[in-house]
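K.L.:
Below you will find the structure I want to go over with you.
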Amino acid sequence: MASLTVGPAAPKGTAKRDALRANEIEVQEMWEKEKAFVSDATPEDDREKFMVTFPYPYSNGHLHIGHAFSLTKSVFRAQYERNLGKNVLWPFAFHCTGMPIQAAANKLKAEIEEFGSPPNFPEDDPEVRAQMEKELVAAQEAKKAASKQSNEKKAKGGKTKLVSKLGTGIVRQWNILLKMVDPEEIPNFVDPYYWLQHFPPIGVDHLKNFGAGVDWRRSFITTAVNPYYDAFIRWQFNVLRSKEKILFGKRNNVYSILDGQVCADHDRSEGEGVGPQEYVLIKLKVLEIPEDREVLAPLKGKDVFLVPATLRPETMYGQTNCFILPTGEYGAYEMMSGDIFVMSDRAARGLSCQGYTKEFGKITCLAKFIGSDLLGLPLQAPNAVYEKVYTLPLLTISMGKGTGVVTSVPSDAPDDYVALQALKEKPEFAAKYGITPEMVDPFDVVPIIEIPGYGDKSAVFMCEKLKIKSFNDKAKLTQAKDETYLKGFTLGIMQVGEHKGKKVCDAKPIIKQELIDANLACLYFEPESKVMSRTGDECVVAATDQWYLRYGEESWQKSVREHVFSENFNAYDQNALHKYDYVIGWLKEWACTRQFGLGTQLPWDPQWVIESLSDSTIYMAYYTIAHVLQGEGNLNGDKEKSPGKILPEHMTDAVFDYIFRNADKPEDCPIESATLEKMRTEFRYWYPMNLRVSAKDLIPNHLTMALYNHAAIWDDEPALWPRGYYTNGHVFVDAEKMSKSKGNFLMMNDTVNKYTADATRFACADAGDSLDDANFSRETADSAIVNLSNEQTWIKEVFSESNLRTGTGDDNLNFMDRVLRNETNRLITLTGECYSSMLFRDGVQKGWFEMMLARNEYRSWCQDSGIPLHKEIIRAWVEALIILICPICPHWSEATWKMIGKEGLAVKAPWPVASEEDKLLTRQAKFLRDSVKNFRSQVGKAKKGCTKATILVTDSYPQWKTDVLTWMHSQYDAESGFPAQFMKDLKQFASGQPDKKLIKLIMQFASWMKKEVADVGVMAMDLKMPFDQKVILVDSGKYLQSQLALADVESFNLDTDKDLPDVPDKVVQNVTPGRPYLWMH
């Protein structure tokens, strides 16, 4: 066993921090030497195994505090399970697949080509930079104003990731790297593969500094650079294909025209989680082009259509007009059919990728104009009862959604009704845009759908009901829209057309198809909200030839859903479980390949590269054999360093089938039989994965996809599917979103160096759990440094004292000895329950803060009573404290463990054994604690001149309190406690008492007793006190005198003592069992 030196107590300044950090480095060296976190399959012993994993981070930079916060959930749980005596596997790897590294390398290359190396950026000139930032701010404000004007919902992605990180819109890849890399090394990063050499080893070092406790023999990087992992992914996809989970065909996916390929979540800088949205383009034929519209002259003689995008094709019977944004920029685009579509340029780009133009991604624009040029045009609207409708102005149209053209159905769309009424009621506004009365006034609302309770003009009904007068009533309009759309679809009955009498939900798909078949409409797709690729391209939806995974296939989906809701899967949070259910229902065909980027080539069609969300679904299984194939310090899979002497080409599909799928041993396999068997044993031992930890934003993709892929690869062995997923929210720093402009964007390693690893981990634990966003507090990290240092100093001092009491029997223990022992047992149990439930903030509260309170209370009682601490009691407390905090602050625990003379490693030490809590003793301790608190208040309120202190206790309640307790007993259930309607029933009970003056007192007393029951159990409702209050107070006499700064204190029991002082009745009334009264007189 390696030795460990514990330095002296640190002086002021940063010395405490420096001493803790120096100790951490020494501890980490000892762990390395002792192979503390190396874990191998041990089927021969009876230890339970526990495998926990974390999504490998993308390796295009250094890890930040957000990574640290999320991964600590794995780190903490792994160490807790280790202390429970389990064989724990906690591996870690680095993801390099996809576009982020490629895009960054390309961007750097472009910057060097344009600005030199080192670059001379224009913004390096302060004046130029100021002007650029001014323009960026102006553009951003204009965008906000436009968004506000159009009442457009905020896109899911918000700011781009880089802008958020750097706090400025002027983002240079060179400058990003400059914060992490020496300037002379930066030009090497134009090669994307250089990133793979540089950042993953740094990630390993930083995680070691953090004390992550990883088995680094099993670490690796992804992509074809690592031939072993490459072979594993090729095997996975061959298996999926053999099970018909992968097909080929045209599918609509979010697509970057600039990149020339599908843009999946990990390829995006904005819009993660956004998918395609289907619309129906309604072809409103232009009946006549006025002679005075010269800008429209190129369109004469052609079939020209304004093409609004709608989600409600069944409502086209109610069209009264078409709306255009007067200031919007529109174009006339030629389709492959010869039709001319009038729409926004953005929408035309999207259509060009969906098979409507002669060449994919190319548009032919015949003319460009602004919306005002289109106003007043006569149109023929499909299915409308009016033979002719007109284009009218609407100032709230968003050009960033749909086509910029909006068809108007005022019977069922509140926005349309308000807009049409405004034009009718304000002819001067209409005239401003050249709109004459005959274009507006004859067009009345057309009833088309009957909704029970809303009539046949639901939009009109809701606008009148909510008293909506204009577009300024935005909240009311949103409410009206949501309500009419939902009720219309679920309850509405068609009142017109061939499908009159049918439910809207049944008629909608039929009417949609009829419009398309009649060439009166066509389908159009676009992203649900804005999506930006990492190369800076605004994405569209494209119908492309694509290999795709058949997520959502009925039997596959059914097996995954059944597993998630079975007793074999723990989501740790009911809200998370609902999210999985939603995603399983939503997730359908997924484009799993790209045409370029880093990754593994599709084995049967190598022109395609497997994308980053698809090569990361079962790699947890690869961890179980990575130490045989690659080993420590071999992230990229150098075959010369293979511990198992295995060549990548030896890892055939047959070999992987033998290891992972129980297939027969492959013939003529060059791998030694013992090595093959070892890998198979490792997998069978460690799987299924017990726990996977992740941030909540991976629920809609990676986490659910991992469930699907496990269910496919091991469809005949559900016992190997993941057993638990824990997801957390994002982390703020000092209650604000991380931002470099605010100075609170913290890199993990920098934070470790500033606050120490243990203090950083402590602050991460205290930041919070659950799906809600957490808060990393730098003040908490600072305080942790002081607390850890001071506590170690105190433990060292107390263990060096020679006057501690001894004696192990209960006869040698006083009241507070037994209280501390009981509190220690109670907190050991509660801390374990918190850790096993992934409630680490609560665990720290129990295992550190409440342990400290218990010790402080014990120490104060002993000191004030003039009694030395008890050696065995305080040692048991110290040993428990060290292990309880070990999952959070293992370096501190390791050093302190050695300091008190314990053998072995703290990280391998057993979880302390706790005796069952003595509830009566807990109540007695609480009695003393609460009494001191109340006495302080009573001393403070004593009248001037009252210097004599008498404590009064009683063992029995007055009759009305006895009646209340008896009633409470009748309401209490041993299993479920008090009923949910307890307070309501209590009020009824109190009101039924003959003395109405007691009602308020009964309510107060019962509420207090209910809390007491929650604290100490049903014994709180005993009609007689189960312990001698006076004895506790007398035994604590010196302690009470010291705490209350009183020269002398007497104690009397009003029920049993004979020589009672003459106590006034009003004082006696303040005395109740369990609540003694300090009478100052």
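Chain labels A, B, ... are given in the sequence in which chains occur in the structure tokens; within each chain residues are numbered consecutively from 1, and ligands are likewise numbered from 1 in the order shown.
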Would you pick out the contacts of stretch 883-892 of chain A at 7 Å or less, using only C-alpha atoms, so that residues sharing its chain but fewer than 5 positions from it are not included, and give the list as number ranges by chain?
P.N.:
A: 24, 27, 76, 79-80, 758, 761-762, 847-848, 906-907, 911
K.L.:
Would you save the residues from that selection as a PDB file, in the first residue's frame, using N, CA, C and O atoms?
P.N.:
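Saved as again00.pdb:
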```pdb
ATOM      1  N   GLU A  24      -4.630  16.474  -3.109  1.00  0.00           N
ATOM      2  CA  GLU A  24      -5.366  15.806  -4.181  1.00  0.00           C
ATOM      3  C   GLU A  24      -4.413  15.180  -5.197  1.00  0.00           C
ATOM      4  O   GLU A  24      -4.622  14.043  -5.650  1.00  0.00           O
ATOM      5  N   VAL A  27      -2.925  12.133  -3.659  1.00  0.00           N
ATOM      6  CA  VAL A  27      -3.920  11.053  -3.600  1.00  0.00           C
ATOM      7  C   VAL A  27      -4.115  10.427  -4.972  1.00  0.00           C
ATOM      8  O   VAL A  27      -4.193   9.189  -5.110  1.00  0.00           O
ATOM      9  N   PHE A  76     -20.332  10.231  -8.601  1.00  0.00           N
ATOM     10  CA  PHE A  76     -20.814  10.069  -7.234  1.00  0.00           C
ATOM     11  C   PHE A  76     -21.447   8.690  -7.033  1.00  0.00           C
ATOM     12  O   PHE A  76     -21.188   8.012  -6.036  1.00  0.00           O
ATOM     13  N   GLN A  79     -18.888   5.825  -6.976  1.00  0.00           N
ATOM     14  CA  GLN A  79     -18.131   5.719  -5.719  1.00  0.00           C
ATOM     15  C   GLN A  79     -19.013   5.206  -4.585  1.00  0.00           C
ATOM     16  O   GLN A  79     -18.558   4.420  -3.748  1.00  0.00           O
ATOM     17  N   TYR A  80     -20.261   5.616  -4.566  1.00  0.00           N
ATOM     18  CA  TYR A  80     -21.179   5.100  -3.540  1.00  0.00           C
ATOM     19  C   TYR A  80     -21.307   3.581  -3.662  1.00  0.00           C
ATOM     20  O   TYR A  80     -21.226   2.854  -2.664  1.00  0.00           O
ATOM     21  N   ASP A 758     -12.139  18.599  -4.925  1.00  0.00           N
ATOM     22  CA  ASP A 758     -13.185  18.246  -3.966  1.00  0.00           C
ATOM     23  C   ASP A 758     -14.173  19.391  -3.749  1.00  0.00           C
ATOM     24  O   ASP A 758     -15.382  19.164  -3.652  1.00  0.00           O
ATOM     25  N   ARG A 761     -16.360  19.537  -6.777  1.00  0.00           N
ATOM     26  CA  ARG A 761     -17.317  18.439  -6.734  1.00  0.00           C
ATOM     27  C   ARG A 761     -18.397  18.699  -5.677  1.00  0.00           C
ATOM     28  O   ARG A 761     -19.579  18.393  -5.896  1.00  0.00           O
ATOM     29  N   PHE A 762     -17.984  19.252  -4.546  1.00  0.00           N
ATOM     30  CA  PHE A 762     -18.950  19.579  -3.490  1.00  0.00           C
ATOM     31  C   PHE A 762     -19.988  20.576  -4.013  1.00  0.00           C
ATOM     32  O   PHE A 762     -21.191  20.413  -3.791  1.00  0.00           O
ATOM     33  N   GLY A 847     -25.285  13.750   4.839  1.00  0.00           N
ATOM     34  CA  GLY A 847     -23.998  13.133   5.116  1.00  0.00           C
ATOM     35  C   GLY A 847     -22.896  14.090   5.501  1.00  0.00           C
ATOM     36  O   GLY A 847     -21.829  13.664   5.949  1.00  0.00           O
ATOM     37  N   TRP A 848     -23.127  15.392   5.325  1.00  0.00           N
ATOM     38  CA  TRP A 848     -22.114  16.375   5.736  1.00  0.00           C
ATOM     39  C   TRP A 848     -22.706  17.396   6.698  1.00  0.00           C
ATOM     40  O   TRP A 848     -22.344  17.447   7.865  1.00  0.00           O
ATOM     41  N   ALA A 906      -9.741   4.605   1.233  1.00  0.00           N
ATOM     42  CA  ALA A 906     -11.088   5.063   1.592  1.00  0.00           C
ATOM     43  C   ALA A 906     -12.074   4.747   0.476  1.00  0.00           C
ATOM     44  O   ALA A 906     -13.246   4.438   0.730  1.00  0.00           O
ATOM     45  N   VAL A 907     -11.614   4.850  -0.785  1.00  0.00           N
ATOM     46  CA  VAL A 907     -12.527   4.594  -1.908  1.00  0.00           C
ATOM     47  C   VAL A 907     -12.896   3.119  -2.010  1.00  0.00           C
ATOM     48  O   VAL A 907     -13.812   2.753  -2.755  1.00  0.00           O
ATOM     49  N   TRP A 911     -19.108   0.776   3.244  1.00  0.00           N
ATOM     50  CA  TRP A 911     -20.098   1.737   3.745  1.00  0.00           C
ATOM     51  C   TRP A 911     -20.363   1.422   5.219  1.00  0.00           C
ATOM     52  O   TRP A 911     -20.475   0.259   5.599  1.00  0.00           O
TER      53      TRP A 911
END
```
K.L.:
Tell me, as an MDAnalysis selection string, which residues lie within 10 Å of A:Leu395, counting only C-alpha atoms; anything in the same chain fewer than 3 positions away does not count.
P.N.:
chainID A and resid 149:150 323:328 398 419 471
K.L.:
Atoms to include: N, CA, C and O atoms. Write the selected residues as an mmCIF file, in the first residue's frame.
P.N.:
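Once written, out-v4.cif looks like this:
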```cif
data_model
loop_
_atom_site.group_PDB
_atom_site.id
_atom_site.type_symbol
_atom_site.label_atom_id
_atom_site.label_comp_id
_atom_site.auth_asym_id
_atom_site.auth_seq_id
_atom_site.Cartn_x
_atom_site.Cartn_y
_atom_site.Cartn_z
ATOM 1 N N GLN A 149 -43.090 41.914 -33.801
ATOM 2 C CA GLN A 149 -44.168 42.388 -34.658
ATOM 3 C C GLN A 149 -44.998 41.229 -35.184
ATOM 4 O O GLN A 149 -46.210 41.305 -35.283
ATOM 5 N N SER A 150 -44.318 40.130 -35.498
ATOM 6 C CA SER A 150 -45.016 38.989 -36.095
ATOM 7 C C SER A 150 -45.518 38.002 -35.049
ATOM 8 O O SER A 150 -46.117 36.993 -35.395
ATOM 9 N N PHE A 323 -53.722 36.848 -47.671
ATOM 10 C CA PHE A 323 -52.959 37.938 -47.056
ATOM 11 C C PHE A 323 -51.501 37.913 -47.530
ATOM 12 O O PHE A 323 -50.900 36.865 -47.712
ATOM 13 N N ILE A 324 -50.957 39.129 -47.658
ATOM 14 C CA ILE A 324 -49.561 39.341 -48.066
ATOM 15 C C ILE A 324 -48.960 40.397 -47.138
ATOM 16 O O ILE A 324 -49.645 41.344 -46.732
ATOM 17 N N LEU A 325 -47.679 40.253 -46.818
ATOM 18 C CA LEU A 325 -46.970 41.283 -46.057
ATOM 19 C C LEU A 325 -46.535 42.380 -47.026
ATOM 20 O O LEU A 325 -45.717 42.133 -47.921
ATOM 21 N N PRO A 326 -47.059 43.590 -46.898
ATOM 22 C CA PRO A 326 -46.751 44.642 -47.891
ATOM 23 C C PRO A 326 -45.268 44.903 -48.070
ATOM 24 O O PRO A 326 -44.815 45.203 -49.174
ATOM 25 N N THR A 327 -44.499 44.780 -46.985
ATOM 26 C CA THR A 327 -43.061 45.062 -47.088
ATOM 27 C C THR A 327 -42.224 43.802 -47.308
ATOM 28 O O THR A 327 -40.991 43.880 -47.385
ATOM 29 N N GLY A 328 -42.888 42.662 -47.399
ATOM 30 C CA GLY A 328 -42.168 41.406 -47.561
ATOM 31 C C GLY A 328 -41.534 41.273 -48.941
ATOM 32 O O GLY A 328 -42.035 41.816 -49.936
ATOM 33 N N SER A 398 -45.006 36.593 -40.763
ATOM 34 C CA SER A 398 -43.579 36.297 -40.601
ATOM 35 C C SER A 398 -43.037 35.706 -41.893
ATOM 36 O O SER A 398 -43.546 34.701 -42.378
ATOM 37 N N ALA A 419 -58.218 40.283 -38.702
ATOM 38 C CA ALA A 419 -57.593 41.027 -39.803
ATOM 39 C C ALA A 419 -58.629 41.475 -40.823
ATOM 40 O O ALA A 419 -58.597 42.622 -41.304
ATOM 41 N N PHE A 471 -55.099 43.065 -33.132
ATOM 42 C CA PHE A 471 -53.934 42.195 -33.002
ATOM 43 C C PHE A 471 -53.117 42.495 -31.752
ATOM 44 O O PHE A 471 -52.220 41.741 -31.403
#
```
K.L.:
Where does stretch 493-565 of chain A meet stretch 265-270 of chain A within 7 Å, residue by residue, with the nearest atom pair and distance in Å to one decimal for each, counting only C-alpha atoms, listed by chain and rising number, as JSON lines?
P.N.:
```
{"residue": "A:Val531", "atom": "CA", "partner": "A:Glu270", "partner_atom": "CA", "distance": 5.4}
{"residue": "A:Met532", "atom": "CA", "partner": "A:Glu270", "partner_atom": "CA", "distance": 5.0}
{"residue": "A:Ser533", "atom": "CA", "partner": "A:Arg268", "partner_atom": "CA", "distance": 4.3}
{"residue": "A:Arg534", "atom": "CA", "partner": "A:Ser269", "partner_atom": "CA", "distance": 5.0}
```
K.L.:
Could those selected residues go to a file with N, CA, C and O atoms, as an mmCIF file, in the first residue's frame?
P.N.:
```
data_model
loop_
_atom_site.group_PDB
_atom_site.id
_atom_site.type_symbol
_atom_site.label_atom_id
_atom_site.label_comp_id
_atom_site.auth_asym_id
_atom_site.auth_seq_id
_atom_site.Cartn_x
_atom_site.Cartn_y
_atom_site.Cartn_z
ATOM 1 N N VAL A 531 -33.194 26.255 -37.979
ATOM 2 C CA VAL A 531 -32.060 25.362 -37.754
ATOM 3 C C VAL A 531 -30.854 25.914 -38.504
ATOM 4 O O VAL A 531 -30.941 26.207 -39.699
ATOM 5 N N MET A 532 -29.739 26.060 -37.789
ATOM 6 C CA MET A 532 -28.488 26.498 -38.399
ATOM 7 C C MET A 532 -27.460 25.385 -38.288
ATOM 8 O O MET A 532 -27.275 24.800 -37.221
ATOM 9 N N SER A 533 -26.792 25.079 -39.387
ATOM 10 C CA SER A 533 -25.723 24.084 -39.347
ATOM 11 C C SER A 533 -24.482 24.719 -38.722
ATOM 12 O O SER A 533 -24.380 25.945 -38.602
ATOM 13 N N ARG A 534 -23.527 23.877 -38.369
ATOM 14 C CA ARG A 534 -22.291 24.388 -37.776
ATOM 15 C C ARG A 534 -21.441 25.141 -38.800
ATOM 16 O O ARG A 534 -20.484 25.818 -38.424
#
```
K.L.:
Within 6 Å of stretch 245-260 of chain A, which residues of stretch 484-573 of chain A show up? Give each one with its shortest atom-to-atom distance in Å (one decimal) and the two atoms involved, counting only C-alpha atoms, rows by chain then rising residue number, as a tab-separated table.
P.N.:
```
residue	atom	partner	partner_atom	distance
A:Cys539	CA	A:Ser256	CA	4.7
A:Val540	CA	A:Tyr255	CA	5.3
A:Val541	CA	A:Val254	CA	4.4
A:Ala542	CA	A:Asn252	CA	5.3
A:Ala543	CA	A:Asn252	CA	4.3
A:Thr544	CA	A:Lys250	CA	4.9
A:Asp545	CA	A:Lys250	CA	4.3
A:Gln546	CA	A:Gly249	CA	5.5
A:Trp547	CA	A:Phe248	CA	4.5
A:Tyr548	CA	A:Ile246	CA	5.6
A:Leu549	CA	A:Ile246	CA	4.6
A:Arg550	CA	A:Lys245	CA	5.4
```
K.L.:
Show which residues sit within 10 Å of A:Thr223, as a JSON list (two decimals) with N, CA and C atoms, in the first residue's frame. Count only C-alpha atoms, and ignore same-chain residues fewer than 4 positions away.
P.N.:
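Okay, this is what ended up in part.json:
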```
[["chain", "number", "residue", "atom", "x", "y", "z"],
["A", 95, "HIS", "N", -16.07, 11.34, -28.10],
["A", 95, "HIS", "CA", -16.80, 11.27, -29.37],
["A", 95, "HIS", "C", -16.19, 12.25, -30.37],
["A", 96, "CYS", "N", -15.91, 11.76, -31.57],
["A", 96, "CYS", "CA", -15.30, 12.62, -32.59],
["A", 96, "CYS", "C", -16.05, 12.56, -33.92],
["A", 97, "THR", "N", -17.13, 11.79, -33.97],
["A", 97, "THR", "CA", -17.86, 11.56, -35.21],
["A", 97, "THR", "C", -18.65, 12.80, -35.63],
["A", 98, "GLY", "N", -18.85, 12.95, -36.94],
["A", 98, "GLY", "CA", -19.78, 13.96, -37.44],
["A", 98, "GLY", "C", -19.13, 15.22, -37.98],
["A", 193, "TYR", "N", -8.20, 15.70, -38.38],
["A", 193, "TYR", "CA", -7.70, 14.57, -37.62],
["A", 193, "TYR", "C", -6.70, 15.01, -36.54],
["A", 196, "LEU", "N", -8.34, 15.14, -33.20],
["A", 196, "LEU", "CA", -8.49, 13.84, -32.55],
["A", 196, "LEU", "C", -7.23, 13.44, -31.79],
["A", 227, "PRO", "N", -9.43, 1.76, -35.48],
["A", 227, "PRO", "CA", -9.89, 0.63, -36.29],
["A", 227, "PRO", "C", -10.71, -0.39, -35.51],
["A", 228, "TYR", "N", -10.50, -0.49, -34.21],
["A", 228, "TYR", "CA", -11.26, -1.44, -33.42],
["A", 228, "TYR", "C", -12.71, -0.96, -33.25],
["A", 229, "TYR", "N", -12.85, 0.31, -32.90],
["A", 229, "TYR", "CA", -14.21, 0.85, -32.76],
["A", 229, "TYR", "C", -14.89, 0.89, -34.12],
["A", 230, "ASP", "N", -14.14, 1.19, -35.16],
["A", 230, "ASP", "CA", -14.67, 1.20, -36.51],
["A", 230, "ASP", "C", -15.27, -0.17, -36.85],
["A", 231, "ALA", "N", -14.56, -1.23, -36.51],
["A", 231, "ALA", "CA", -15.05, -2.58, -36.78],
["A", 231, "ALA", "C", -16.31, -2.87, -35.96],
["A", 233, "ILE", "N", -18.61, -0.71, -34.95],
["A", 233, "ILE", "CA", -19.77, -0.01, -35.52],
["A", 233, "ILE", "C", -20.21, -0.67, -36.82],
["A", 597, "GLY", "N", -17.81, 13.95, -43.59],
["A", 597, "GLY", "CA", -17.66, 14.16, -42.16],
["A", 597, "GLY", "C", -16.87, 13.00, -41.58],
["A", 598, "LEU", "N", -16.51, 13.10, -40.31],
["A", 598, "LEU", "CA", -15.73, 12.06, -39.66],
["A", 598, "LEU", "C", -16.64, 10.94, -39.18],
["A", 599, "GLY", "N", -16.14, 9.71, -39.26],
["A", 599, "GLY", "CA", -16.95, 8.60, -38.78],
["A", 599, "GLY", "C", -16.58, 7.29, -39.43],
["A", 600, "THR", "N", -17.48, 6.34, -39.35],
["A", 600, "THR", "CA", -17.32, 5.00, -39.91],
["A", 600, "THR", "C", -18.13, 4.89, -41.19],
["A", 601, "GLN", "N", -17.52, 4.35, -42.22],
["A", 601, "GLN", "CA", -18.23, 4.17, -43.49],
["A", 601, "GLN", "C", -19.25, 3.03, -43.36],
["A", 609, "VAL", "N", -21.23, 7.83, -44.71],
["A", 609, "VAL", "CA", -20.60, 7.79, -43.39],
["A", 609, "VAL", "C", -21.70, 7.76, -42.33],
["A", 610, "ILE", "N", -21.57, 6.87, -41.38],
["A", 610, "ILE", "CA", -22.56, 6.77, -40.30],
["A", 610, "ILE", "C", -22.49, 8.01, -39.41],
["A", 611, "GLU", "N", -23.65, 8.63, -39.18],
["A", 611, "GLU", "CA", -23.65, 9.93, -38.47],
["A", 611, "GLU", "C", -23.51, 9.73, -36.96],
["A", 612, "SER", "N", -23.33, 10.86, -36.28],
["A", 612, "SER", "CA", -22.84, 10.83, -34.89],
["A", 612, "SER", "C", -23.87, 10.34, -33.88],
["A", 615, "ASP", "N", -23.80, 6.21, -34.41],
["A", 615, "ASP", "CA", -22.65, 5.37, -34.05],
["A", 615, "ASP", "C", -22.40, 5.41, -32.54],
["A", 636, "ASN", "N", -6.61, 5.95, -29.75],
["A", 636, "ASN", "CA", -6.91, 5.82, -31.17],
["A", 636, "ASN", "C", -6.76, 4.39, -31.69]]
```
